[in-house]
$ cat input_15.pdb   # PDB, C-alpha atoms
ATOM      1  CA  MET P   1     -63.903  -9.380  10.170
ATOM      2  CA  LYS P   2     -62.209  -9.573   6.812
ATOM      3  CA  ARG P   3     -65.371 -10.810   5.220
ATOM      4  CA  LYS P   4     -67.257  -7.951   6.850
ATOM      5  CA  SER P   5     -64.978  -5.268   5.434
ATOM      6  CA  LEU P   6     -65.167  -6.849   2.006
ATOM      7  CA  LEU P   7     -68.947  -6.717   2.181
ATOM      8  CA  LEU P   8     -68.689  -3.130   3.264
ATOM      9  CA  VAL P   9     -66.533  -2.261   0.255
ATOM     10  CA  ILE P  10     -68.995  -3.958  -2.043
ATOM     11  CA  ALA P  11     -71.889  -2.160  -0.395
ATOM     12  CA  LEU P  12     -70.113   1.176  -0.714
ATOM     13  CA  LEU P  13     -69.295   0.581  -4.380
ATOM     14  CA  ALA P  14     -72.866  -0.396  -5.030
ATOM     15  CA  THR P  15     -74.267   2.726  -3.392
ATOM     16  CA  SER P  16     -71.683   5.348  -4.314
ATOM     17  CA  GLY P  17     -73.394   7.966  -6.360
ATOM     18  CA  ALA P  18     -76.601   7.157  -4.513
ATOM     19  CA  ASN P  19     -75.380   9.163  -1.501
ATOM     20  CA  ALA P  20     -76.262  12.408  -3.145
ATOM     21  CA  GLY P  21     -79.690  10.831  -3.654
ATOM     22  CA  VAL P  22     -80.227  10.314   0.073
ATOM     23  CA  VAL P  23     -79.598  13.978   0.835
ATOM     24  CA  ASP P  24     -81.538  15.183  -2.236
ATOM     25  CA  ASP P  25     -84.560  13.115  -1.218
ATOM     26  CA  LEU P  26     -84.513  14.467   2.333
ATOM     27  CA  LEU P  27     -84.069  18.040   1.100
ATOM     28  CA  ARG P  28     -87.085  17.629  -1.171
ATOM     29  CA  GLN P  29     -89.201  16.350   1.729
ATOM     30  CA  TYR P  30     -88.075  19.165   4.012
ATOM     31  CA  GLN P  31     -88.562  21.824   1.335
ATOM     32  CA  ALA P  32     -92.188  20.800   0.918
ATOM     33  CA  GLN P  33     -92.709  21.770   4.591
ATOM     34  CA  ALA P  34     -90.453  24.831   4.696
ATOM     35  CA  SER P  35     -91.279  28.406   3.777
ATOM     36  CA  GLN P  36     -87.882  29.661   2.573
ATOM     37  CA  PRO P  37     -85.086  28.291   0.399
ATOM     38  CA  PHE P  38     -82.346  26.544   2.372
ATOM     39  CA  ASP P  39     -79.444  28.642   3.543
ATOM     40  CA  ALA P  40     -76.073  27.230   4.659
ATOM     41  CA  GLU P  41     -75.110  30.500   6.401
ATOM     42  CA  ARG P  42     -78.150  30.337   8.652
ATOM     43  CA  ALA P  43     -77.231  26.749   9.578
ATOM     44  CA  LYS P  44     -73.670  27.749  10.289
ATOM     45  CA  ALA P  45     -74.841  30.303  12.838
ATOM     46  CA  LEU P  46     -77.266  27.828  14.439
ATOM     47  CA  TRP P  47     -74.516  25.177  14.575
ATOM     48  CA  THR P  48     -72.479  27.203  17.063
ATOM     49  CA  ALA P  49     -75.378  28.988  18.837
ATOM     50  CA  LYS P  50     -75.220  28.200  22.552
ATOM     51  CA  HIS P  51     -78.175  27.012  24.588
ATOM     52  CA  ARG P  52     -78.332  26.534  28.340
ATOM     53  CA  ASP P  53     -79.067  22.928  29.277
ATOM     54  CA  PRO P  54     -81.710  23.180  32.049
ATOM     55  CA  GLU P  55     -80.487  19.974  33.700
ATOM     56  CA  THR P  56     -76.751  20.614  33.861
ATOM     57  CA  GLY P  57     -76.832  24.424  33.728
ATOM     58  CA  LYS P  58     -74.075  24.292  31.099
ATOM     59  CA  ASP P  59     -74.033  25.828  27.635
ATOM     60  CA  ILE P  60     -74.290  23.370  24.764
ATOM     61  CA  SER P  61     -74.280  23.698  20.979
ATOM     62  CA  CYS P  62     -73.976  21.292  18.046
ATOM     63  CA  SER P  63     -70.315  22.272  17.903
ATOM     64  CA  THR P  64     -69.744  21.116  21.511
ATOM     65  CA  CYS P  65     -69.551  17.540  20.238
ATOM     66  CA  HIS P  66     -68.928  18.016  16.513
ATOM     67  CA  THR P  67     -66.568  21.069  16.737
ATOM     68  CA  ALA P  68     -67.173  24.307  14.846
ATOM     69  CA  ASP P  69     -65.126  23.083  11.882
ATOM     70  CA  LEU P  70     -67.102  20.364  10.090
ATOM     71  CA  ARG P  71     -63.892  19.032   8.603
ATOM     72  CA  LYS P  72     -62.467  18.178  12.020
ATOM     73  CA  ALA P  73     -63.173  15.183  14.241
ATOM     74  CA  GLY P  74     -65.136  15.907  17.419
ATOM     75  CA  GLU P  75     -65.713  14.182  20.706
ATOM     76  CA  HIS P  76     -68.808  13.287  22.700
ATOM     77  CA  ASN P  77     -69.024  15.831  25.529
ATOM     78  CA  THR P  78     -69.731  13.393  28.362
ATOM     79  CA  THR P  79     -68.260  10.068  27.283
ATOM     80  CA  GLY P  80     -65.245  11.382  25.345
ATOM     81  CA  LYS P  81     -65.842   8.950  22.480
ATOM     82  CA  PRO P  82     -64.386  10.354  19.232
ATOM     83  CA  ILE P  83     -66.885  11.524  16.574
ATOM     84  CA  GLU P  84     -65.791  11.398  12.942
ATOM     85  CA  PRO P  85     -65.884  14.668  10.905
ATOM     86  CA  MET P  86     -69.294  15.706   9.573
ATOM     87  CA  ALA P  87     -68.011  16.885   6.154
ATOM     88  CA  PRO P  88     -68.833  14.261   3.492
ATOM     89  CA  SER P  89     -65.770  15.368   1.502
ATOM     90  CA  ILE P  90     -63.563  14.086   4.345
ATOM     91  CA  ASN P  91     -65.782  11.324   5.652
ATOM     92  CA  PRO P  92     -67.634   9.604   2.782
ATOM     93  CA  GLN P  93     -69.741   7.539   5.220
ATOM     94  CA  ARG P  94     -71.557  10.716   6.259
ATOM     95  CA  LEU P  95     -75.150  11.376   5.240
ATOM     96  CA  THR P  96     -75.586   8.035   3.481
ATOM     97  CA  ASP P  97     -78.528   6.669   5.472
ATOM     98  CA  ALA P  98     -81.768   8.660   5.766
ATOM     99  CA  ALA P  99     -82.930   6.798   8.903
ATOM    100  CA  LYS P 100     -79.633   7.534  10.640
ATOM    101  CA  ILE P 101     -79.819  11.228   9.732
ATOM    102  CA  GLU P 102     -83.391  11.514  10.977
ATOM    103  CA  LYS P 103     -82.611   9.607  14.181
ATOM    104  CA  TRP P 104     -79.729  11.900  15.076
ATOM    105  CA  PHE P 105     -81.543  15.103  14.114
ATOM    106  CA  LYS P 106     -84.270  14.064  16.525
ATOM    107  CA  ARG P 107     -81.903  13.117  19.367
ATOM    108  CA  ASN P 108     -79.424  15.942  18.952
ATOM    109  CA  CYS P 109     -81.915  18.748  18.405
ATOM    110  CA  LYS P 110     -83.768  17.662  21.543
ATOM    111  CA  GLY P 111     -80.479  17.270  23.396
ATOM    112  CA  THR P 112     -79.144  20.641  22.284
ATOM    113  CA  PHE P 113     -82.200  22.900  21.831
ATOM    114  CA  ASN P 114     -84.665  20.983  24.002
ATOM    115  CA  ARG P 115     -87.022  20.684  21.044
ATOM    116  CA  GLU P 116     -87.039  19.018  17.664
ATOM    117  CA  CYS P 117     -85.633  20.926  14.683
ATOM    118  CA  THR P 118     -88.050  22.244  12.064
ATOM    119  CA  PRO P 119     -87.879  21.018   8.430
ATOM    120  CA  GLN P 120     -86.467  24.469   7.593
ATOM    121  CA  GLU P 121     -83.604  24.019  10.072
ATOM    122  CA  LYS P 122     -82.900  20.444   9.033
ATOM    123  CA  GLY P 123     -82.746  21.492   5.375
ATOM    124  CA  ASP P 124     -80.422  24.373   6.254
ATOM    125  CA  PHE P 125     -78.148  21.967   8.163
ATOM    126  CA  LEU P 126     -77.954  19.406   5.347
ATOM    127  CA  THR P 127     -77.206  22.150   2.835
ATOM    128  CA  TYR P 128     -74.426  23.396   5.103
ATOM    129  CA  PHE P 129     -72.954  19.893   5.668
ATOM    130  CA  ARG P 130     -72.950  18.789   2.073
ATOM    131  CA  ASN P 131     -71.021  21.856   0.904
ATOM    132  CA  GLN P 132     -68.141  21.090   3.243
TER
ATOM    133  CA  MET X   1     -53.865  -9.110  43.454
ATOM    134  CA  SER X   2     -50.958  -6.837  42.630
ATOM    135  CA  LYS X   3     -48.178  -9.284  43.361
ATOM    136  CA  HIS X   4     -49.669 -11.554  40.737
ATOM    137  CA  ILE X   5     -49.752  -8.836  38.102
ATOM    138  CA  ILE X   6     -46.563  -9.728  36.288
ATOM    139  CA  PRO X   7     -47.226 -13.459  35.921
ATOM    140  CA  ILE X   8     -50.828 -12.687  34.976
ATOM    141  CA  THR X   9     -49.712 -10.132  32.409
ATOM    142  CA  LEU X  10     -47.219 -12.555  30.911
ATOM    143  CA  PHE X  11     -49.871 -15.221  30.848
ATOM    144  CA  ALA X  12     -52.395 -12.899  29.215
ATOM    145  CA  MET X  13     -49.834 -11.840  26.610
ATOM    146  CA  ALA X  14     -48.992 -15.458  25.870
ATOM    147  CA  VAL X  15     -52.664 -16.299  25.530
ATOM    148  CA  ALA X  16     -53.281 -13.219  23.405
ATOM    149  CA  GLY X  17     -50.438 -14.309  21.127
ATOM    150  CA  GLN X  18     -52.207 -17.566  20.472
ATOM    151  CA  ALA X  19     -55.503 -15.849  20.013
ATOM    152  CA  TYR X  20     -55.243 -15.563  16.258
ATOM    153  CA  ALA X  21     -54.581 -19.268  15.897
ATOM    154  CA  ASP X  22     -57.231 -20.277  18.331
ATOM    155  CA  LYS X  23     -59.679 -17.459  18.844
ATOM    156  CA  ASP X  24     -62.667 -19.335  20.171
ATOM    157  CA  GLU X  25     -60.661 -21.344  22.634
ATOM    158  CA  TYR X  26     -59.062 -18.124  23.861
ATOM    159  CA  ARG X  27     -62.425 -16.522  24.406
ATOM    160  CA  GLU X  28     -63.848 -19.480  26.220
ATOM    161  CA  SER X  29     -60.845 -19.924  28.456
ATOM    162  CA  HIS X  30     -60.600 -16.287  29.379
ATOM    163  CA  GLY X  31     -63.368 -14.744  31.411
ATOM    164  CA  ALA X  32     -62.398 -11.200  30.410
ATOM    165  CA  SER X  33     -63.401 -11.620  26.773
ATOM    166  CA  MET X  34     -66.991 -10.932  25.734
ATOM    167  CA  PRO X  35     -67.103 -10.162  22.019
ATOM    168  CA  VAL X  36     -70.236  -8.297  20.916
ATOM    169  CA  LYS X  37     -71.501 -10.076  17.838
ATOM    170  CA  ASN X  38     -74.843  -8.357  17.325
ATOM    171  CA  GLU X  39     -74.561  -5.779  14.535
ATOM    172  CA  LEU X  40     -77.800  -3.978  15.334
ATOM    173  CA  TYR X  41     -76.560  -3.535  18.893
ATOM    174  CA  GLN X  42     -73.190  -2.185  17.698
ATOM    175  CA  LYS X  43     -74.973   0.227  15.390
ATOM    176  CA  GLU X  44     -77.655   1.483  17.769
ATOM    177  CA  CYS X  45     -75.793   1.494  21.075
ATOM    178  CA  GLY X  46     -72.192   2.002  19.979
ATOM    179  CA  ASP X  47     -72.203   5.640  18.832
ATOM    180  CA  CYS X  48     -71.849   7.531  22.123
ATOM    181  CA  HIS X  49     -69.815   4.877  23.944
ATOM    182  CA  ILE X  50     -68.706   1.336  23.129
ATOM    183  CA  ALA X  51     -71.519  -1.190  22.854
ATOM    184  CA  TYR X  52     -71.069  -2.527  26.387
ATOM    185  CA  PRO X  53     -71.099  -6.349  26.408
ATOM    186  CA  ALA X  54     -74.472  -7.678  27.609
ATOM    187  CA  GLU X  55     -72.649  -9.946  30.079
ATOM    188  CA  LEU X  56     -71.665  -6.906  32.157
ATOM    189  CA  LEU X  57     -75.117  -6.326  33.688
ATOM    190  CA  PRO X  58     -77.948  -8.541  34.935
ATOM    191  CA  ALA X  59     -81.112  -8.867  32.832
ATOM    192  CA  ARG X  60     -83.143  -6.681  35.209
ATOM    193  CA  SER X  61     -80.721  -3.789  34.656
ATOM    194  CA  TRP X  62     -81.003  -3.998  30.870
ATOM    195  CA  GLU X  63     -84.797  -4.105  31.104
ATOM    196  CA  HIS X  64     -84.746  -1.005  33.237
ATOM    197  CA  LEU X  65     -82.360   0.890  30.908
ATOM    198  CA  MET X  66     -84.235  -0.115  27.760
ATOM    199  CA  ASN X  67     -87.508   1.185  29.178
ATOM    200  CA  LYS X  68     -86.338   4.771  29.564
ATOM    201  CA  LEU X  69     -84.035   5.462  26.648
ATOM    202  CA  ASP X  70     -85.409   8.976  26.231
ATOM    203  CA  LYS X  71     -83.853   9.756  29.621
ATOM    204  CA  HIS X  72     -80.512   8.010  29.322
ATOM    205  CA  PHE X  73     -77.863   9.530  31.602
ATOM    206  CA  GLY X  74     -78.872  13.032  30.568
ATOM    207  CA  GLU X  75     -79.137  12.134  26.866
ATOM    208  CA  ASN X  76     -81.834  11.114  24.475
ATOM    209  CA  ALA X  77     -81.048   7.620  23.137
ATOM    210  CA  GLU X  78     -84.518   6.819  21.752
ATOM    211  CA  LEU X  79     -84.856   3.975  19.263
ATOM    212  CA  SER X  80     -87.623   2.883  16.940
ATOM    213  CA  GLU X  81     -89.991   0.546  18.797
ATOM    214  CA  ASP X  82     -88.928  -2.450  16.645
ATOM    215  CA  ASN X  83     -85.250  -1.946  17.384
ATOM    216  CA  ARG X  84     -85.919  -1.268  21.032
ATOM    217  CA  GLN X  85     -87.727  -4.573  21.441
ATOM    218  CA  ALA X  86     -85.154  -6.531  19.457
ATOM    219  CA  LEU X  87     -82.299  -5.126  21.502
ATOM    220  CA  SER X  88     -84.097  -5.571  24.825
ATOM    221  CA  ARG X  89     -84.451  -9.220  23.948
ATOM    222  CA  TYR X  90     -80.822  -9.534  22.881
ATOM    223  CA  LEU X  91     -79.508  -7.823  26.010
ATOM    224  CA  THR X  92     -81.643  -9.719  28.517
ATOM    225  CA  GLU X  93     -80.968 -13.082  26.841
ATOM    226  CA  ASN X  94     -77.220 -12.496  26.957
ATOM    227  CA  ALA X  95     -77.128 -10.733  30.319
ATOM    228  CA  GLY X  96     -74.561 -11.778  32.906
ATOM    229  CA  ASP X  97     -77.107 -13.716  34.949
ATOM    230  CA  ARG X  98     -78.669 -15.444  31.933
ATOM    231  CA  SER X  99     -76.183 -16.313  29.239
ATOM    232  CA  ARG X 100     -74.445 -19.666  29.283
ATOM    233  CA  GLY X 101     -70.719 -19.685  29.878
ATOM    234  CA  SER X 102     -70.572 -16.013  30.762
ATOM    235  CA  PRO X 103     -68.118 -14.828  33.384
ATOM    236  CA  GLY X 104     -70.406 -14.964  36.378
ATOM    237  CA  LYS X 105     -67.801 -13.297  38.551
ATOM    238  CA  LEU X 106     -68.747  -9.891  37.144
ATOM    239  CA  LEU X 107     -72.019  -9.965  38.999
ATOM    240  CA  LYS X 108     -70.514 -11.526  42.077
ATOM    241  CA  SER X 109     -71.494  -9.880  45.348
ATOM    242  CA  LEU X 110     -74.256  -7.922  43.652
ATOM    243  CA  ASP X 111     -77.316  -7.874  45.869
ATOM    244  CA  ARG X 112     -80.297  -9.552  44.136
ATOM    245  CA  SER X 113     -82.567  -6.761  45.302
ATOM    246  CA  GLN X 114     -80.501  -4.127  43.496
ATOM    247  CA  THR X 115     -80.883  -3.034  39.895
ATOM    248  CA  PRO X 116     -77.697  -1.154  39.019
ATOM    249  CA  GLU X 117     -77.938   1.300  36.104
ATOM    250  CA  ARG X 118     -74.212   1.289  35.572
ATOM    251  CA  ILE X 119     -71.491  -1.290  35.108
ATOM    252  CA  THR X 120     -69.199   1.111  36.912
ATOM    253  CA  GLU X 121     -71.441   0.780  40.014
ATOM    254  CA  LEU X 122     -71.078  -2.991  40.320
ATOM    255  CA  PRO X 123     -69.184  -4.125  43.425
ATOM    256  CA  TYR X 124     -66.969  -6.323  41.251
ATOM    257  CA  PHE X 125     -66.170  -3.436  38.924
ATOM    258  CA  LYS X 126     -65.293  -1.182  41.844
ATOM    259  CA  LYS X 127     -63.062  -3.834  43.331
ATOM    260  CA  GLU X 128     -61.162  -4.399  40.066
ATOM    261  CA  HIS X 129     -60.642  -0.659  39.570
ATOM    262  CA  ARG X 130     -60.034   0.554  43.091
ATOM    263  CA  GLU X 131     -56.249   0.546  42.636
ATOM    264  CA  ILE X 132     -56.478   3.184  39.933
ATOM    265  CA  PRO X 133     -56.176   6.615  41.545
ATOM    266  CA  ALA X 134     -58.985   8.931  40.443
ATOM    267  CA  ARG X 135     -56.449  11.542  39.376
ATOM    268  CA  PHE X 136     -55.431   9.224  36.522
ATOM    269  CA  TYR X 137     -58.754   9.705  34.843
ATOM    270  CA  GLU X 138     -60.520  12.710  36.337
ATOM    271  CA  GLN X 139     -57.872  15.106  35.087
ATOM    272  CA  ASN X 140     -57.230  13.303  31.858
ATOM    273  CA  PRO X 141     -59.083  15.224  29.148
ATOM    274  CA  LYS X 142     -59.365  12.060  27.047
ATOM    275  CA  MET X 143     -61.072  10.096  29.738
ATOM    276  CA  LYS X 144     -63.922  11.970  31.476
ATOM    277  CA  SER X 145     -64.964   8.935  33.532
ATOM    278  CA  LEU X 146     -64.404   5.217  34.014
ATOM    279  CA  SER X 147     -67.411   4.570  31.737
ATOM    280  CA  ASN X 148     -65.082   5.191  28.813
ATOM    281  CA  CYS X 149     -63.627   1.674  28.983
ATOM    282  CA  GLU X 150     -61.690   1.749  25.709
ATOM    283  CA  VAL X 151     -59.390   4.526  26.848
ATOM    284  CA  CYS X 152     -57.565   1.980  29.057
ATOM    285  CA  HIS X 153     -58.769  -1.389  27.748
ATOM    286  CA  THR X 154     -57.346  -1.049  24.274
ATOM    287  CA  ARG X 155     -59.578  -3.829  22.903
ATOM    288  CA  ALA X 156     -62.778  -2.970  24.789
ATOM    289  CA  ALA X 157     -64.638  -2.264  21.539
ATOM    290  CA  GLN X 158     -64.031  -5.933  20.668
ATOM    291  CA  GLY X 159     -65.386  -6.950  24.071
ATOM    292  CA  SER X 160     -61.997  -7.836  25.526
ATOM    293  CA  PHE X 161     -60.839  -6.673  28.966
ATOM    294  CA  ALA X 162     -57.797  -8.884  29.505
ATOM    295  CA  GLU X 163     -55.124  -7.381  31.729
ATOM    296  CA  GLY X 164     -52.356  -7.666  29.140
ATOM    297  CA  GLU X 165     -54.244  -5.189  26.933
ATOM    298  CA  ILE X 166     -54.543  -2.367  29.464
ATOM    299  CA  ASN X 167     -52.753   0.873  28.670
ATOM    300  CA  ILE X 168     -53.619   3.926  30.768
ATOM    301  CA  PRO X 169     -52.992   7.150  28.799
ATOM    302  CA  GLY X 170     -50.204   9.193  30.313
ATOM    303  CA  ILE X 171     -49.408   6.319  32.698
ATOM    304  CA  GLY X 172     -48.625   3.451  30.375
ATOM    305  CA  ARG X 173     -49.035  -0.276  30.571
ATOM    306  CA  TRP X 174     -50.613  -1.504  33.770
ATOM    307  CA  GLU X 175     -47.937  -3.527  35.533
ATOM    308  CA  ASP X 176     -47.836  -1.942  38.998
TER
END
$ encode --input "input_15.pdb" --output "structure tokens"
Amino acid sequence: MKRKSLLLVIALLATSGANAGVVDDLLRQYQAQASQPFDAERAKALWTAKHRDPETGKDISCSTCHTADLRKAGEHNTTGKPIEPMAPSINPQRLTDAAKIEKWFKRNCKGTFNRECTPQEKGDFLTYFRNQ
Amino acid sequence: MSKHIIPITLFAMAVAGQAYADKDEYRESHGASMPVKNELYQKECGDCHIAYPAELLPARSWEHLMNKLDKHFGENAELSEDNRQALSRYLTENAGDRSRGSPGKLLKSLDRSQTPERITELPYFKKEHREIPARFYEQNPKMKSLSNCEVCHTRAAQGSFAEGEINIPGIGRWED
């Protein structure tokens, strides 16, 4: 365990500064497929917009699990497992792995909106998160 | 069971005390400890709930779960095909009916013809937990359901379910 955390520290030191790169790279890819500049305000509204889950009949939004305040810790709606804050300023592990970001956009957009998010929406979200 | 709780608790605490000195021996001697050592598994299956130890289900259950991750208890838990195959292999190889030295009692009295989707459905699980009144967890906002093992088993994320480590929120240590 100790060895693991040491490795983690080394890995973090080695990649710090590269984190911005992960988000910048994704934003560039999304922008190439989006028609408008990214807008954090639009993402903020989408973050709390409620959708009816056809299976459970309950309303769900991104903020159901992550809370409306990105600087606060959330909780998985069915299992109760805590979810660390989304704001990179509070939680430096956030948005450091492009594959993880893409995996969760895919799962959570399908789970919340019943469809995948568009590059425009994903770019809006990342712009919103990184400013927090 | 309950009249043995205190001696068992004391025993578990004594064993847990030695654990640091003699971790492997502790794990081997105690059927309730199933540390999850696979990092990919922790990473891919440990975000929405703890990475449940492979020993807790038979291989056929893991196969079944891993073949329909896009419909996973009302959630989408899809993985890349590479990771899905790697983890299917890991889970079936370490499943309760396959792995060497695993606590076979967990799958005791499970009908061979059944493929449970949940640990919480296993006859053994139900038996171990039947003394806990549902009101302890159904009304507890932190708990939602018994699937959230780590709420009571304070070291569940490390794969340990020893009785001395149980602490039910709002109720306290489990000593009867």
$ resolve_selection --input "input_15.pdb" --expression "the PyMOL selection byres ((chain X and resi 84) around 12)" --output "PDB file with C-alpha atoms, in the frame of the given file"
ATOM      1  CA  LEU X  40     -77.800  -3.978  15.334  1.00  0.00           C
ATOM      2  CA  TYR X  41     -76.560  -3.535  18.893  1.00  0.00           C
ATOM      3  CA  GLU X  44     -77.655   1.483  17.769  1.00  0.00           C
ATOM      4  CA  CYS X  45     -75.793   1.494  21.075  1.00  0.00           C
ATOM      5  CA  TRP X  62     -81.003  -3.998  30.870  1.00  0.00           C
ATOM      6  CA  GLU X  63     -84.797  -4.105  31.104  1.00  0.00           C
ATOM      7  CA  LEU X  65     -82.360   0.890  30.908  1.00  0.00           C
ATOM      8  CA  MET X  66     -84.235  -0.115  27.760  1.00  0.00           C
ATOM      9  CA  ASN X  67     -87.508   1.185  29.178  1.00  0.00           C
ATOM     10  CA  LYS X  68     -86.338   4.771  29.564  1.00  0.00           C
ATOM     11  CA  LEU X  69     -84.035   5.462  26.648  1.00  0.00           C
ATOM     12  CA  ASP X  70     -85.409   8.976  26.231  1.00  0.00           C
ATOM     13  CA  ALA X  77     -81.048   7.620  23.137  1.00  0.00           C
ATOM     14  CA  GLU X  78     -84.518   6.819  21.752  1.00  0.00           C
ATOM     15  CA  LEU X  79     -84.856   3.975  19.263  1.00  0.00           C
ATOM     16  CA  SER X  80     -87.623   2.883  16.940  1.00  0.00           C
ATOM     17  CA  GLU X  81     -89.991   0.546  18.797  1.00  0.00           C
ATOM     18  CA  ASP X  82     -88.928  -2.450  16.645  1.00  0.00           C
ATOM     19  CA  ASN X  83     -85.250  -1.946  17.384  1.00  0.00           C
ATOM     20  CA  GLN X  85     -87.727  -4.573  21.441  1.00  0.00           C
ATOM     21  CA  ALA X  86     -85.154  -6.531  19.457  1.00  0.00           C
ATOM     22  CA  LEU X  87     -82.299  -5.126  21.502  1.00  0.00           C
ATOM     23  CA  SER X  88     -84.097  -5.571  24.825  1.00  0.00           C
ATOM     24  CA  ARG X  89     -84.451  -9.220  23.948  1.00  0.00           C
ATOM     25  CA  TYR X  90     -80.822  -9.534  22.881  1.00  0.00           C
ATOM     26  CA  LEU X  91     -79.508  -7.823  26.010  1.00  0.00           C
TER      27      LEU X  91
END
$ interface_residues --input "input_15.pdb" --of "chain X" --to "chain P" --cutoff "9 Å" --atoms "all atoms listed in the file" --output "mmCIF file with C-alpha atoms, in the coordinates of the input"
data_model
loop_
_atom_site.group_PDB
_atom_site.id
_atom_site.type_symbol
_atom_site.label_atom_id
_atom_site.label_comp_id
_atom_site.auth_asym_id
_atom_site.auth_seq_id
_atom_site.Cartn_x
_atom_site.Cartn_y
_atom_site.Cartn_z
ATOM 1 C CA ASP X 47 -72.203 5.640 18.832
ATOM 2 C CA CYS X 48 -71.849 7.531 22.123
ATOM 3 C CA HIS X 49 -69.815 4.877 23.944
ATOM 4 C CA ILE X 50 -68.706 1.336 23.129
ATOM 5 C CA ASP X 70 -85.409 8.976 26.231
ATOM 6 C CA GLY X 74 -78.872 13.032 30.568
ATOM 7 C CA GLU X 75 -79.137 12.134 26.866
ATOM 8 C CA ASN X 76 -81.834 11.114 24.475
ATOM 9 C CA ALA X 77 -81.048 7.620 23.137
ATOM 10 C CA GLU X 78 -84.518 6.819 21.752
ATOM 11 C CA LEU X 79 -84.856 3.975 19.263
ATOM 12 C CA SER X 80 -87.623 2.883 16.940
ATOM 13 C CA PRO X 141 -59.083 15.224 29.148
ATOM 14 C CA LYS X 142 -59.365 12.060 27.047
ATOM 15 C CA MET X 143 -61.072 10.096 29.738
ATOM 16 C CA LYS X 144 -63.922 11.970 31.476
ATOM 17 C CA SER X 145 -64.964 8.935 33.532
ATOM 18 C CA SER X 147 -67.411 4.570 31.737
ATOM 19 C CA ASN X 148 -65.082 5.191 28.813
ATOM 20 C CA GLU X 150 -61.690 1.749 25.709
ATOM 21 C CA VAL X 151 -59.390 4.526 26.848
#
$ atom_distance --input "input_15.pdb" --atom1 "CA of Ala98 (chain P)" --atom2 "CA of His66 (chain P)"
19.2 Å
$ residues_around --input "input_15.pdb" --residues "Thr120 (chain X)" --least-positions-apart "6" --cutoff "12 Å" --atoms "all atoms listed in the file" --output "ChimeraX atom specification"
/X:52,56-57,106-107,126-130,145-149
$ axis_aligned_box --input "input_15.pdb" --around "region 56-67 of chain X" --padding-each-side "5 Å" --output "lines of an AutoDock Vina configuration file"
center_x = -79.6
center_y = -3.8
center_z = 31.5
size_x = 25.8
size_y = 20.1
size_z = 17.4
$ closest_residue --input "input_15.pdb" --among "X:Pro116, X:Tyr124, X:Glu131, X:Gly159" --to "Ala54 (chain X)" --atoms "all atoms listed in the file"
X:Gly159
$ closest_residue --input "input_15.pdb" --among "P:Lys58, P:His51, P:Arg115, P:Arg94" --to "Arg71 (chain P)" --atoms "all atoms listed in the file"
P:Arg94
$ atom_distance --input "input_15.pdb" --atom1 "CA of Glu41 (chain P)" --atom2 "CA of Leu27 (chain P)"
16.2 Å
$ closest_residue --input "input_15.pdb" --among "P:Asp59, P:Asp69, P:Asp124, P:Asp97" --to "Pro85 (chain P)" --atoms "all atoms listed in the file"
P:Asp69
$ closest_residue --input "input_15.pdb" --among "X:Ala51, X:Thr92, X:Arg173, X:Ser61" --to "Glu121 (chain X)" --atoms "all atoms listed in the file"
X:Ser61
$ atom_distance --input "input_15.pdb" --atom1 "CA of Leu26 (chain P)" --atom2 "CA of Thr127 (chain P)"
10.6 Å
$ resolve_selection --input "input_15.pdb" --expression "the PyMOL selection byres ((chain P and resi 29) around 12)" --output "PyMOL selection string"
chain P and resi 22-28+30-34+98+102+118-120+122-123
$ residues_around --input "input_15.pdb" --residues "Lys72 (chain P)" --least-positions-apart "6" --cutoff "12 Å" --atoms "all atoms listed in the file" --output "list of chain:residue names"
P:Ser63, P:Cys65, P:His66, P:Pro82, P:Ile83, P:Glu84, P:Pro85, P:Met86, P:Ala87, P:Pro88, P:Ser89, P:Ile90, P:Asn91, P:Gln132
$ resolve_selection --input "input_15.pdb" --expression "the PyMOL selection byres ((chain P and resi 50) around 7)" --output "CSV table (one decimal) with C-alpha atoms, in the frame of the given file"
chain,number,residue,atom,x,y,z
P,48,THR,CA,-72.5,27.2,17.1
P,49,ALA,CA,-75.4,29.0,18.8
P,51,HIS,CA,-78.2,27.0,24.6
P,52,ARG,CA,-78.3,26.5,28.3
P,59,ASP,CA,-74.0,25.8,27.6
P,60,ILE,CA,-74.3,23.4,24.8
P,61,SER,CA,-74.3,23.7,21.0
$ decode --input "input_15.pdb" --residues "region 36-42 of chain X" --atoms "N, CA and C atoms" --output "PDB file, in the first residue's frame"
ATOM      1  N   VAL X  36      -9.033  -7.683  -2.687  1.00  0.00           N
ATOM      2  CA  VAL X  36      -9.073  -7.567  -4.142  1.00  0.00           C
ATOM      3  C   VAL X  36      -7.751  -6.971  -4.597  1.00  0.00           C
ATOM      4  N   LYS X  37      -6.976  -7.768  -5.318  1.00  0.00           N
ATOM      5  CA  LYS X  37      -5.626  -7.308  -5.653  1.00  0.00           C
ATOM      6  C   LYS X  37      -5.496  -6.844  -7.102  1.00  0.00           C
ATOM      7  N   ASN X  38      -6.566  -6.949  -7.871  1.00  0.00           N
ATOM      8  CA  ASN X  38      -6.473  -6.618  -9.285  1.00  0.00           C
ATOM      9  C   ASN X  38      -6.812  -5.127  -9.491  1.00  0.00           C
ATOM     10  N   GLU X  39      -5.816  -4.357  -9.936  1.00  0.00           N
ATOM     11  CA  GLU X  39      -6.026  -2.911 -10.041  1.00  0.00           C
ATOM     12  C   GLU X  39      -7.012  -2.521 -11.134  1.00  0.00           C
ATOM     13  N   LEU X  40      -6.967  -3.250 -12.250  1.00  0.00           N
ATOM     14  CA  LEU X  40      -7.918  -2.948 -13.325  1.00  0.00           C
ATOM     15  C   LEU X  40      -9.342  -3.160 -12.815  1.00  0.00           C
ATOM     16  N   TYR X  41      -9.524  -4.217 -12.047  1.00  0.00           N
ATOM     17  CA  TYR X  41     -10.861  -4.498 -11.500  1.00  0.00           C
ATOM     18  C   TYR X  41     -11.306  -3.382 -10.549  1.00  0.00           C
ATOM     19  N   GLN X  42     -10.395  -2.968  -9.654  1.00  0.00           N
ATOM     20  CA  GLN X  42     -10.717  -1.858  -8.739  1.00  0.00           C
ATOM     21  C   GLN X  42     -11.137  -0.624  -9.532  1.00  0.00           C
TER      22      GLN X  42
END
